[in-house]
$ cat upload_1.txt   # compact mmCIF, C-alpha atoms
# COMPACT_ATOMS: atom_id res chain seq x y z
CA MET A 47 0.00 0.00 0.00
CA SER A 48 1.22 3.51 -0.73
CA ASN A 49 1.79 6.27 1.79
CA THR A 50 -1.52 7.86 0.78
CA PRO A 51 -3.85 8.11 3.78
CA ALA A 52 -6.76 5.66 3.73
CA HIS A 53 -9.26 8.51 3.49
CA GLU A 54 -7.56 9.66 0.25
CA VAL A 55 -7.27 6.26 -1.44
CA SER A 56 -9.26 5.93 -4.65
CA HIS A 57 -11.82 3.18 -4.28
CA ASP A 58 -13.60 0.96 -6.73
CA PRO A 59 -17.13 2.29 -7.48
CA ALA A 60 -18.65 -1.01 -6.30
CA GLU A 61 -16.77 -0.62 -3.01
CA LEU A 62 -18.11 2.93 -2.61
CA ARG A 63 -21.68 1.75 -3.28
CA LEU A 64 -21.29 -1.09 -0.77
CA ALA A 65 -19.97 1.36 1.84
CA GLN A 66 -22.89 3.74 1.18
CA LEU A 67 -25.61 1.08 1.28
CA PRO A 68 -25.99 0.77 5.08
CA HIS A 69 -26.25 4.56 5.43
CA GLN A 70 -28.87 4.69 2.66
CA LEU A 71 -30.88 1.95 4.37
CA PHE A 72 -30.62 3.71 7.71
CA LEU A 73 -31.74 7.01 6.20
CA PHE A 74 -34.63 5.35 4.37
CA ASN A 75 -35.69 3.77 7.66
CA SER A 76 -35.48 7.02 9.60
CA ILE A 77 -36.84 9.47 7.00
CA GLY A 78 -38.95 7.36 4.68
CA ASN A 79 -40.34 4.97 7.22
CA HIS A 80 -40.41 6.81 10.56
CA VAL A 81 -41.26 10.27 9.24
CA LEU A 82 -43.17 9.94 5.97
CA MET A 83 -44.91 6.63 6.72
CA THR A 84 -45.87 7.93 10.16
CA VAL A 85 -47.61 10.94 8.63
CA ILE A 86 -49.44 8.70 6.17
CA THR A 87 -50.49 6.11 8.73
CA VAL A 88 -51.59 8.69 11.31
CA SER A 89 -53.90 10.23 8.72
CA ILE A 90 -55.63 6.88 8.10
CA ALA A 91 -55.10 5.20 11.48
CA MET A 92 -58.65 5.81 12.62
CA SER A 93 -60.05 3.65 9.85
CA ASN A 94 -57.35 0.97 10.11
CA PRO A 95 -55.34 1.12 13.38
CA LEU A 96 -53.36 -2.04 12.57
CA LEU A 97 -51.77 -0.20 9.68
CA THR A 98 -49.57 1.61 12.22
CA LEU A 99 -47.79 -1.73 12.80
CA LEU A 100 -46.39 -1.43 9.29
CA ILE A 101 -43.84 1.16 10.49
CA PRO A 102 -42.08 -1.06 13.07
CA ALA A 103 -42.40 -4.08 10.75
CA ILE A 104 -40.54 -2.30 7.93
CA SER A 105 -38.05 -0.92 10.43
CA PHE A 106 -37.27 -4.32 11.94
CA LEU A 107 -36.78 -5.82 8.46
CA ILE A 108 -34.27 -3.10 7.59
CA ILE A 109 -32.57 -3.44 10.98
CA ALA A 110 -32.35 -7.22 10.68
CA TYR A 111 -30.88 -6.97 7.18
CA THR A 112 -28.36 -4.37 8.32
CA LEU A 113 -27.20 -6.39 11.32
CA ILE A 114 -27.01 -9.70 9.43
CA ARG A 115 -25.30 -8.29 6.34
CA GLY A 116 -23.02 -6.11 8.46
CA SER A 117 -21.83 -9.07 10.52
CA LYS A 118 -21.05 -10.95 7.29
CA LEU A 119 -19.07 -7.97 5.98
CA ALA A 120 -17.05 -7.63 9.21
CA GLN A 121 -14.21 -9.52 7.51
CA HIS A 122 -14.43 -7.68 4.17
CA PRO A 123 -10.98 -6.89 2.75
CA SER A 124 -11.81 -3.18 2.36
CA LEU A 125 -11.54 -1.03 5.48
CA LEU A 126 -13.97 1.42 3.87
CA VAL A 127 -16.69 -1.24 3.64
CA ARG A 128 -15.97 -2.79 7.05
CA ALA A 129 -15.91 0.56 8.84
CA HIS A 130 -19.05 2.01 7.31
CA TRP A 131 -21.12 -1.13 7.91
CA ALA A 132 -19.82 -1.27 11.50
CA ILE A 133 -20.65 2.41 12.05
CA VAL A 134 -24.23 1.85 10.93
CA MET A 135 -24.51 -1.31 13.03
CA ARG A 136 -23.52 0.69 16.12
CA ARG A 137 -26.06 3.40 15.33
CA THR A 138 -28.71 0.79 14.62
CA LYS A 139 -28.18 -0.63 18.11
CA ILE A 140 -28.69 2.88 19.51
CA PHE A 141 -31.87 3.08 17.44
CA LEU A 142 -33.03 -0.18 19.02
CA ILE A 143 -32.60 1.41 22.46
CA GLY A 144 -35.07 4.07 21.30
CA TYR A 145 -37.51 1.36 20.30
CA ALA A 146 -37.08 -0.32 23.69
CA THR A 147 -37.77 2.99 25.45
CA LEU A 148 -40.91 3.50 23.39
CA ALA A 149 -42.08 -0.07 24.07
CA THR A 150 -41.43 0.37 27.79
CA ALA A 151 -43.42 3.62 27.91
CA ALA A 152 -46.31 2.04 25.98
CA SER A 153 -46.29 -1.02 28.24
CA LEU A 154 -46.27 1.08 31.39
CA ALA A 155 -49.12 3.20 30.07
CA TRP A 156 -51.15 0.11 29.21
CA LEU A 157 -50.49 -1.41 32.66
CA PHE A 158 -51.43 1.81 34.48
CA TYR A 159 -54.54 2.27 32.37
CA THR A 160 -55.66 -1.35 32.62
CA TYR A 161 -54.79 -2.21 36.22
CA ALA A 162 -54.49 1.09 38.07
CA GLY A 163 -57.38 2.89 36.43
CA ALA A 164 -55.24 5.78 35.22
CA MET A 165 -56.81 8.35 32.92
CA LYS A 166 -56.46 7.61 29.22
CA GLU A 167 -55.22 11.14 28.46
CA LEU A 168 -52.53 10.85 31.12
CA MET A 169 -51.34 7.59 29.55
CA PHE A 170 -51.18 9.21 26.10
CA ALA A 171 -48.98 11.89 27.69
CA LEU A 172 -46.80 9.19 29.24
CA VAL A 173 -46.31 7.43 25.91
CA GLY A 174 -45.72 10.73 24.13
CA GLY A 175 -43.33 12.23 26.65
CA LEU A 176 -41.34 9.15 27.63
CA GLY A 177 -41.58 7.19 24.39
CA LEU A 178 -42.43 9.12 21.25
CA LEU A 179 -40.59 12.36 22.00
CA PRO A 180 -37.23 10.70 22.78
CA MET A 181 -37.67 8.46 19.72
CA MET A 182 -38.34 11.48 17.49
CA VAL A 183 -35.28 13.29 18.84
CA LEU A 184 -33.18 10.15 18.32
CA VAL A 185 -34.44 9.76 14.74
CA LEU A 186 -33.64 13.42 14.02
CA ALA A 187 -30.15 13.28 15.53
CA LEU A 188 -29.22 10.01 13.85
CA THR A 189 -30.58 11.25 10.51
CA ILE A 190 -28.34 14.30 10.64
CA ILE A 191 -25.29 12.25 11.63
CA GLU A 192 -26.01 9.57 9.00
CA SER A 193 -26.36 12.15 6.23
CA GLU A 194 -22.83 13.35 6.87
CA THR A 195 -21.47 9.81 7.17
CA LEU A 196 -23.17 8.82 3.89
CA ASN A 197 -21.29 11.68 2.27
CA HIS A 198 -18.04 10.37 3.79
CA ALA A 199 -18.71 6.88 2.43
CA GLY A 200 -19.35 8.29 -1.05
CA GLN A 201 -16.00 10.09 -0.92
CA GLY A 202 -14.19 6.98 0.30
CA PHE A 203 -13.39 8.62 3.64
CA VAL A 204 -12.98 6.66 6.86
CA PRO A 205 -12.59 8.81 10.02
CA ASP A 206 -9.48 8.15 12.10
CA TRP A 207 -11.50 6.87 15.08
CA ALA A 208 -13.21 4.31 12.79
CA ARG A 209 -9.89 3.32 11.23
CA ARG A 210 -8.58 2.63 14.74
CA ARG A 211 -11.64 0.74 15.87
CA PHE A 212 -12.44 -1.32 12.77
CA GLY A 213 -9.08 -1.52 11.03
CA SER A 214 -6.78 -4.50 11.08
CA GLU A 215 -3.61 -4.33 13.15
CA GLU A 216 -1.63 -3.39 10.03
CA GLU A 217 -4.14 -0.65 9.09
CA VAL A 218 -4.02 0.83 12.59
CA LYS A 219 -0.20 0.88 12.53
CA ALA A 220 -0.32 2.64 9.14
CA LEU A 221 -2.70 5.22 10.60
CA GLU A 222 -0.39 5.85 13.57
CA ARG A 223 2.54 6.34 11.18
CA GLU A 224 0.46 8.80 9.12
CA LEU A 225 -0.46 10.76 12.24
CA GLU A 226 3.15 10.83 13.45
CA ASP A 227 4.32 12.02 10.03
CA ALA A 228 1.66 14.72 10.01
CA ALA A 229 2.63 15.84 13.51
CA THR A 230 6.33 16.08 12.66
CA ALA A 231 5.59 17.90 9.38
CA SER A 232 3.68 20.67 11.16
$ encode --input "upload_1.txt" --output "structure tokens"
Amino acid sequence: MSNTPAHEVSHDPAELRLAQLPHQLFLFNSIGNHVLMTVITVSIAMSNPLLTLLIPAISFLIIAYTLIRGSKLAQHPSLLVRAHWAIVMRRTKIFLIGYATLATAASLAWLFYTYAGAMKELMFALVGGLGLLPMMVLVLALTIIESETLNHAGQGFVPDWARRRFGSEEEVKALERELEDAATAS
């Protein structure tokens, strides 16, 4: 390998597309599914409330694909591909924490409403404040972060922290040499 930093290496177009794919899936899930589909299903949820289950179903399919395919690509020869799939897998796990928080809030509200006789409106506030609001903030934050990272993947850029974390021993040593050379040059 040359002395060119990994974030400046020219990559095969297929490699760039493979590195971009998990970010595109993540963004489709967050924007297309959780934002646009939510607006559509809320507008027709009164006539068909089960339609709202389509959003988590699509989300879990995308999440399952990302985690399964990402684990298979963990040994890919390209650091660009390995790192970008691993980055999205980490963010997907954070996304799952948001789902767990929402499910916990909904379960608590159902339990309080069913067994403690709590007011329905209060339980909607519980689900909204402890479940939906944090999930919406999480979707927004991860969407912004993923948009930038998708751009990085398209340029063939792997951040130094990701090169350290997901690179092979040889790739990490090359990074350290690059950083030492850059420090002595300045």
$ closest_residue --input "upload_1.txt" --among "A:Ser153, A:Asn197, A:Ser105, A:Thr98" --to "Leu71 in chain A" --atoms "all atoms listed in the file"
A:Ser105
$ closest_residue --input "upload_1.txt" --among "A:His122, A:Asn79, A:Ser56, A:Phe72" --to "Ala103 in chain A" --atoms "only C-alpha atoms"
A:Asn79
$ residues_around --input "upload_1.txt" --residues "Trp156 in chain A" --least-positions-apart "2" --cutoff "12 Å" --atoms "only C-alpha atoms" --output "PDB file with C-alpha atoms, in the coordinates of the input"
ATOM      1  CA  ALA A 149     -42.080  -0.070  24.070  1.00  0.00           C
ATOM      2  CA  THR A 150     -41.430   0.370  27.790  1.00  0.00           C
ATOM      3  CA  ALA A 151     -43.420   3.620  27.910  1.00  0.00           C
ATOM      4  CA  ALA A 152     -46.310   2.040  25.980  1.00  0.00           C
ATOM      5  CA  SER A 153     -46.290  -1.020  28.240  1.00  0.00           C
ATOM      6  CA  LEU A 154     -46.270   1.080  31.390  1.00  0.00           C
ATOM      7  CA  PHE A 158     -51.430   1.810  34.480  1.00  0.00           C
ATOM      8  CA  TYR A 159     -54.540   2.270  32.370  1.00  0.00           C
ATOM      9  CA  THR A 160     -55.660  -1.350  32.620  1.00  0.00           C
ATOM     10  CA  TYR A 161     -54.790  -2.210  36.220  1.00  0.00           C
ATOM     11  CA  ALA A 162     -54.490   1.090  38.070  1.00  0.00           C
ATOM     12  CA  GLY A 163     -57.380   2.890  36.430  1.00  0.00           C
ATOM     13  CA  ALA A 164     -55.240   5.780  35.220  1.00  0.00           C
ATOM     14  CA  MET A 165     -56.810   8.350  32.920  1.00  0.00           C
ATOM     15  CA  LYS A 166     -56.460   7.610  29.220  1.00  0.00           C
ATOM     16  CA  GLU A 167     -55.220  11.140  28.460  1.00  0.00           C
ATOM     17  CA  LEU A 168     -52.530  10.850  31.120  1.00  0.00           C
ATOM     18  CA  MET A 169     -51.340   7.590  29.550  1.00  0.00           C
ATOM     19  CA  PHE A 170     -51.180   9.210  26.100  1.00  0.00           C
ATOM     20  CA  LEU A 172     -46.800   9.190  29.240  1.00  0.00           C
ATOM     21  CA  VAL A 173     -46.310   7.430  25.910  1.00  0.00           C
TER      22      VAL A 173
END
$ residues_around --input "upload_1.txt" --residues "Lys139 in chain A" --least-positions-apart "3" --cutoff "12 Å" --atoms "all atoms listed in the file" --output "PyMOL selection string"
chain A and resi 72+106+109-110+112-113+132-136+142-146+184+188
$ residues_around --input "upload_1.txt" --residues "Ala187 in chain A" --least-positions-apart "2" --cutoff "12 Å" --atoms "only C-alpha atoms" --output "list of chain:residue names"
A:Leu73, A:Ser76, A:Ile77, A:Arg137, A:Ile140, A:Phe141, A:Gly144, A:Pro180, A:Met181, A:Met182, A:Val183, A:Leu184, A:Val185, A:Thr189, A:Ile190, A:Ile191, A:Glu192, A:Ser193, A:Glu194
$ residues_around --input "upload_1.txt" --residues "Leu126 in chain A" --least-positions-apart "3" --cutoff "7 Å" --atoms "all atoms listed in the file" --output "compact mmCIF listing (two decimals) with C-alpha atoms, in the coordinates of the input"
# COMPACT_ATOMS: atom_id res chain seq x y z
CA ALA A 65 -19.97 1.36 1.84
CA ALA A 129 -15.91 0.56 8.84
CA HIS A 130 -19.05 2.01 7.31
CA GLY A 202 -14.19 6.98 0.30
CA VAL A 204 -12.98 6.66 6.86
$ atom_distance --input "upload_1.txt" --atom1 "CA of Arg210 in chain A" --atom2 "CA of Ile114 in chain A"
22.8 Å
$ axis_aligned_box --input "upload_1.txt" --around "range 181-200 of chain A" --padding-each-side "6 Å" --output "AutoDock Vina command-line options"
--center_x -28.2 --center_y 10.6 --center_z 9.3 --size_x 32.3 --size_y 19.4 --size_z 32.8
$ atom_distance --input "upload_1.txt" --atom1 "CA of Ile86 in chain A" --atom2 "CA of Arg115 in chain A"
29.5 Å
$ decode --input "upload_1.txt" --residues "range 153-203 of chain A" --atoms "C-alpha atoms" --output "PDB file, in the first residue's frame"
ATOM      1  CA  SER A 153     -46.286  -1.024  28.239  1.00  0.00           C
ATOM      2  CA  LEU A 154     -46.270   1.082  31.393  1.00  0.00           C
ATOM      3  CA  ALA A 155     -49.124   3.197  30.071  1.00  0.00           C
ATOM      4  CA  TRP A 156     -51.146   0.108  29.209  1.00  0.00           C
ATOM      5  CA  LEU A 157     -50.488  -1.412  32.655  1.00  0.00           C
ATOM      6  CA  PHE A 158     -51.426   1.807  34.478  1.00  0.00           C
ATOM      7  CA  TYR A 159     -54.543   2.273  32.365  1.00  0.00           C
ATOM      8  CA  THR A 160     -55.658  -1.355  32.619  1.00  0.00           C
ATOM      9  CA  TYR A 161     -54.793  -2.208  36.216  1.00  0.00           C
ATOM     10  CA  ALA A 162     -54.488   1.085  38.066  1.00  0.00           C
ATOM     11  CA  GLY A 163     -57.383   2.885  36.426  1.00  0.00           C
ATOM     12  CA  ALA A 164     -55.238   5.781  35.221  1.00  0.00           C
ATOM     13  CA  MET A 165     -56.807   8.354  32.921  1.00  0.00           C
ATOM     14  CA  LYS A 166     -56.457   7.613  29.219  1.00  0.00           C
ATOM     15  CA  GLU A 167     -55.223  11.141  28.459  1.00  0.00           C
ATOM     16  CA  LEU A 168     -52.526  10.852  31.119  1.00  0.00           C
ATOM     17  CA  MET A 169     -51.339   7.592  29.553  1.00  0.00           C
ATOM     18  CA  PHE A 170     -51.176   9.210  26.098  1.00  0.00           C
ATOM     19  CA  ALA A 171     -48.984  11.894  27.687  1.00  0.00           C
ATOM     20  CA  LEU A 172     -46.803   9.188  29.241  1.00  0.00           C
ATOM     21  CA  VAL A 173     -46.307   7.430  25.911  1.00  0.00           C
ATOM     22  CA  GLY A 174     -45.716  10.734  24.128  1.00  0.00           C
ATOM     23  CA  GLY A 175     -43.330  12.228  26.650  1.00  0.00           C
ATOM     24  CA  LEU A 176     -41.335   9.155  27.631  1.00  0.00           C
ATOM     25  CA  GLY A 177     -41.580   7.187  24.390  1.00  0.00           C
ATOM     26  CA  LEU A 178     -42.433   9.123  21.252  1.00  0.00           C
ATOM     27  CA  LEU A 179     -40.592  12.365  21.996  1.00  0.00           C
ATOM     28  CA  PRO A 180     -37.228  10.703  22.777  1.00  0.00           C
ATOM     29  CA  MET A 181     -37.666   8.464  19.717  1.00  0.00           C
ATOM     30  CA  MET A 182     -38.342  11.479  17.488  1.00  0.00           C
ATOM     31  CA  VAL A 183     -35.279  13.289  18.839  1.00  0.00           C
ATOM     32  CA  LEU A 184     -33.184  10.153  18.316  1.00  0.00           C
ATOM     33  CA  VAL A 185     -34.436   9.758  14.738  1.00  0.00           C
ATOM     34  CA  LEU A 186     -33.639  13.417  14.015  1.00  0.00           C
ATOM     35  CA  ALA A 187     -30.150  13.284  15.530  1.00  0.00           C
ATOM     36  CA  LEU A 188     -29.215  10.009  13.851  1.00  0.00           C
ATOM     37  CA  THR A 189     -30.577  11.247  10.514  1.00  0.00           C
ATOM     38  CA  ILE A 190     -28.336  14.302  10.638  1.00  0.00           C
ATOM     39  CA  ILE A 191     -25.293  12.246  11.631  1.00  0.00           C
ATOM     40  CA  GLU A 192     -26.009   9.575   9.002  1.00  0.00           C
ATOM     41  CA  SER A 193     -26.364  12.154   6.229  1.00  0.00           C
ATOM     42  CA  GLU A 194     -22.825  13.350   6.869  1.00  0.00           C
ATOM     43  CA  THR A 195     -21.473   9.815   7.165  1.00  0.00           C
ATOM     44  CA  LEU A 196     -23.170   8.817   3.889  1.00  0.00           C
ATOM     45  CA  ASN A 197     -21.290  11.680   2.271  1.00  0.00           C
ATOM     46  CA  HIS A 198     -18.043  10.371   3.791  1.00  0.00           C
ATOM     47  CA  ALA A 199     -18.711   6.881   2.432  1.00  0.00           C
ATOM     48  CA  GLY A 200     -19.349   8.286  -1.045  1.00  0.00           C
ATOM     49  CA  GLN A 201     -16.000  10.087  -0.923  1.00  0.00           C
ATOM     50  CA  GLY A 202     -14.188   6.978   0.300  1.00  0.00           C
ATOM     51  CA  PHE A 203     -13.387   8.621   3.642  1.00  0.00           C
TER      52      PHE A 203
END
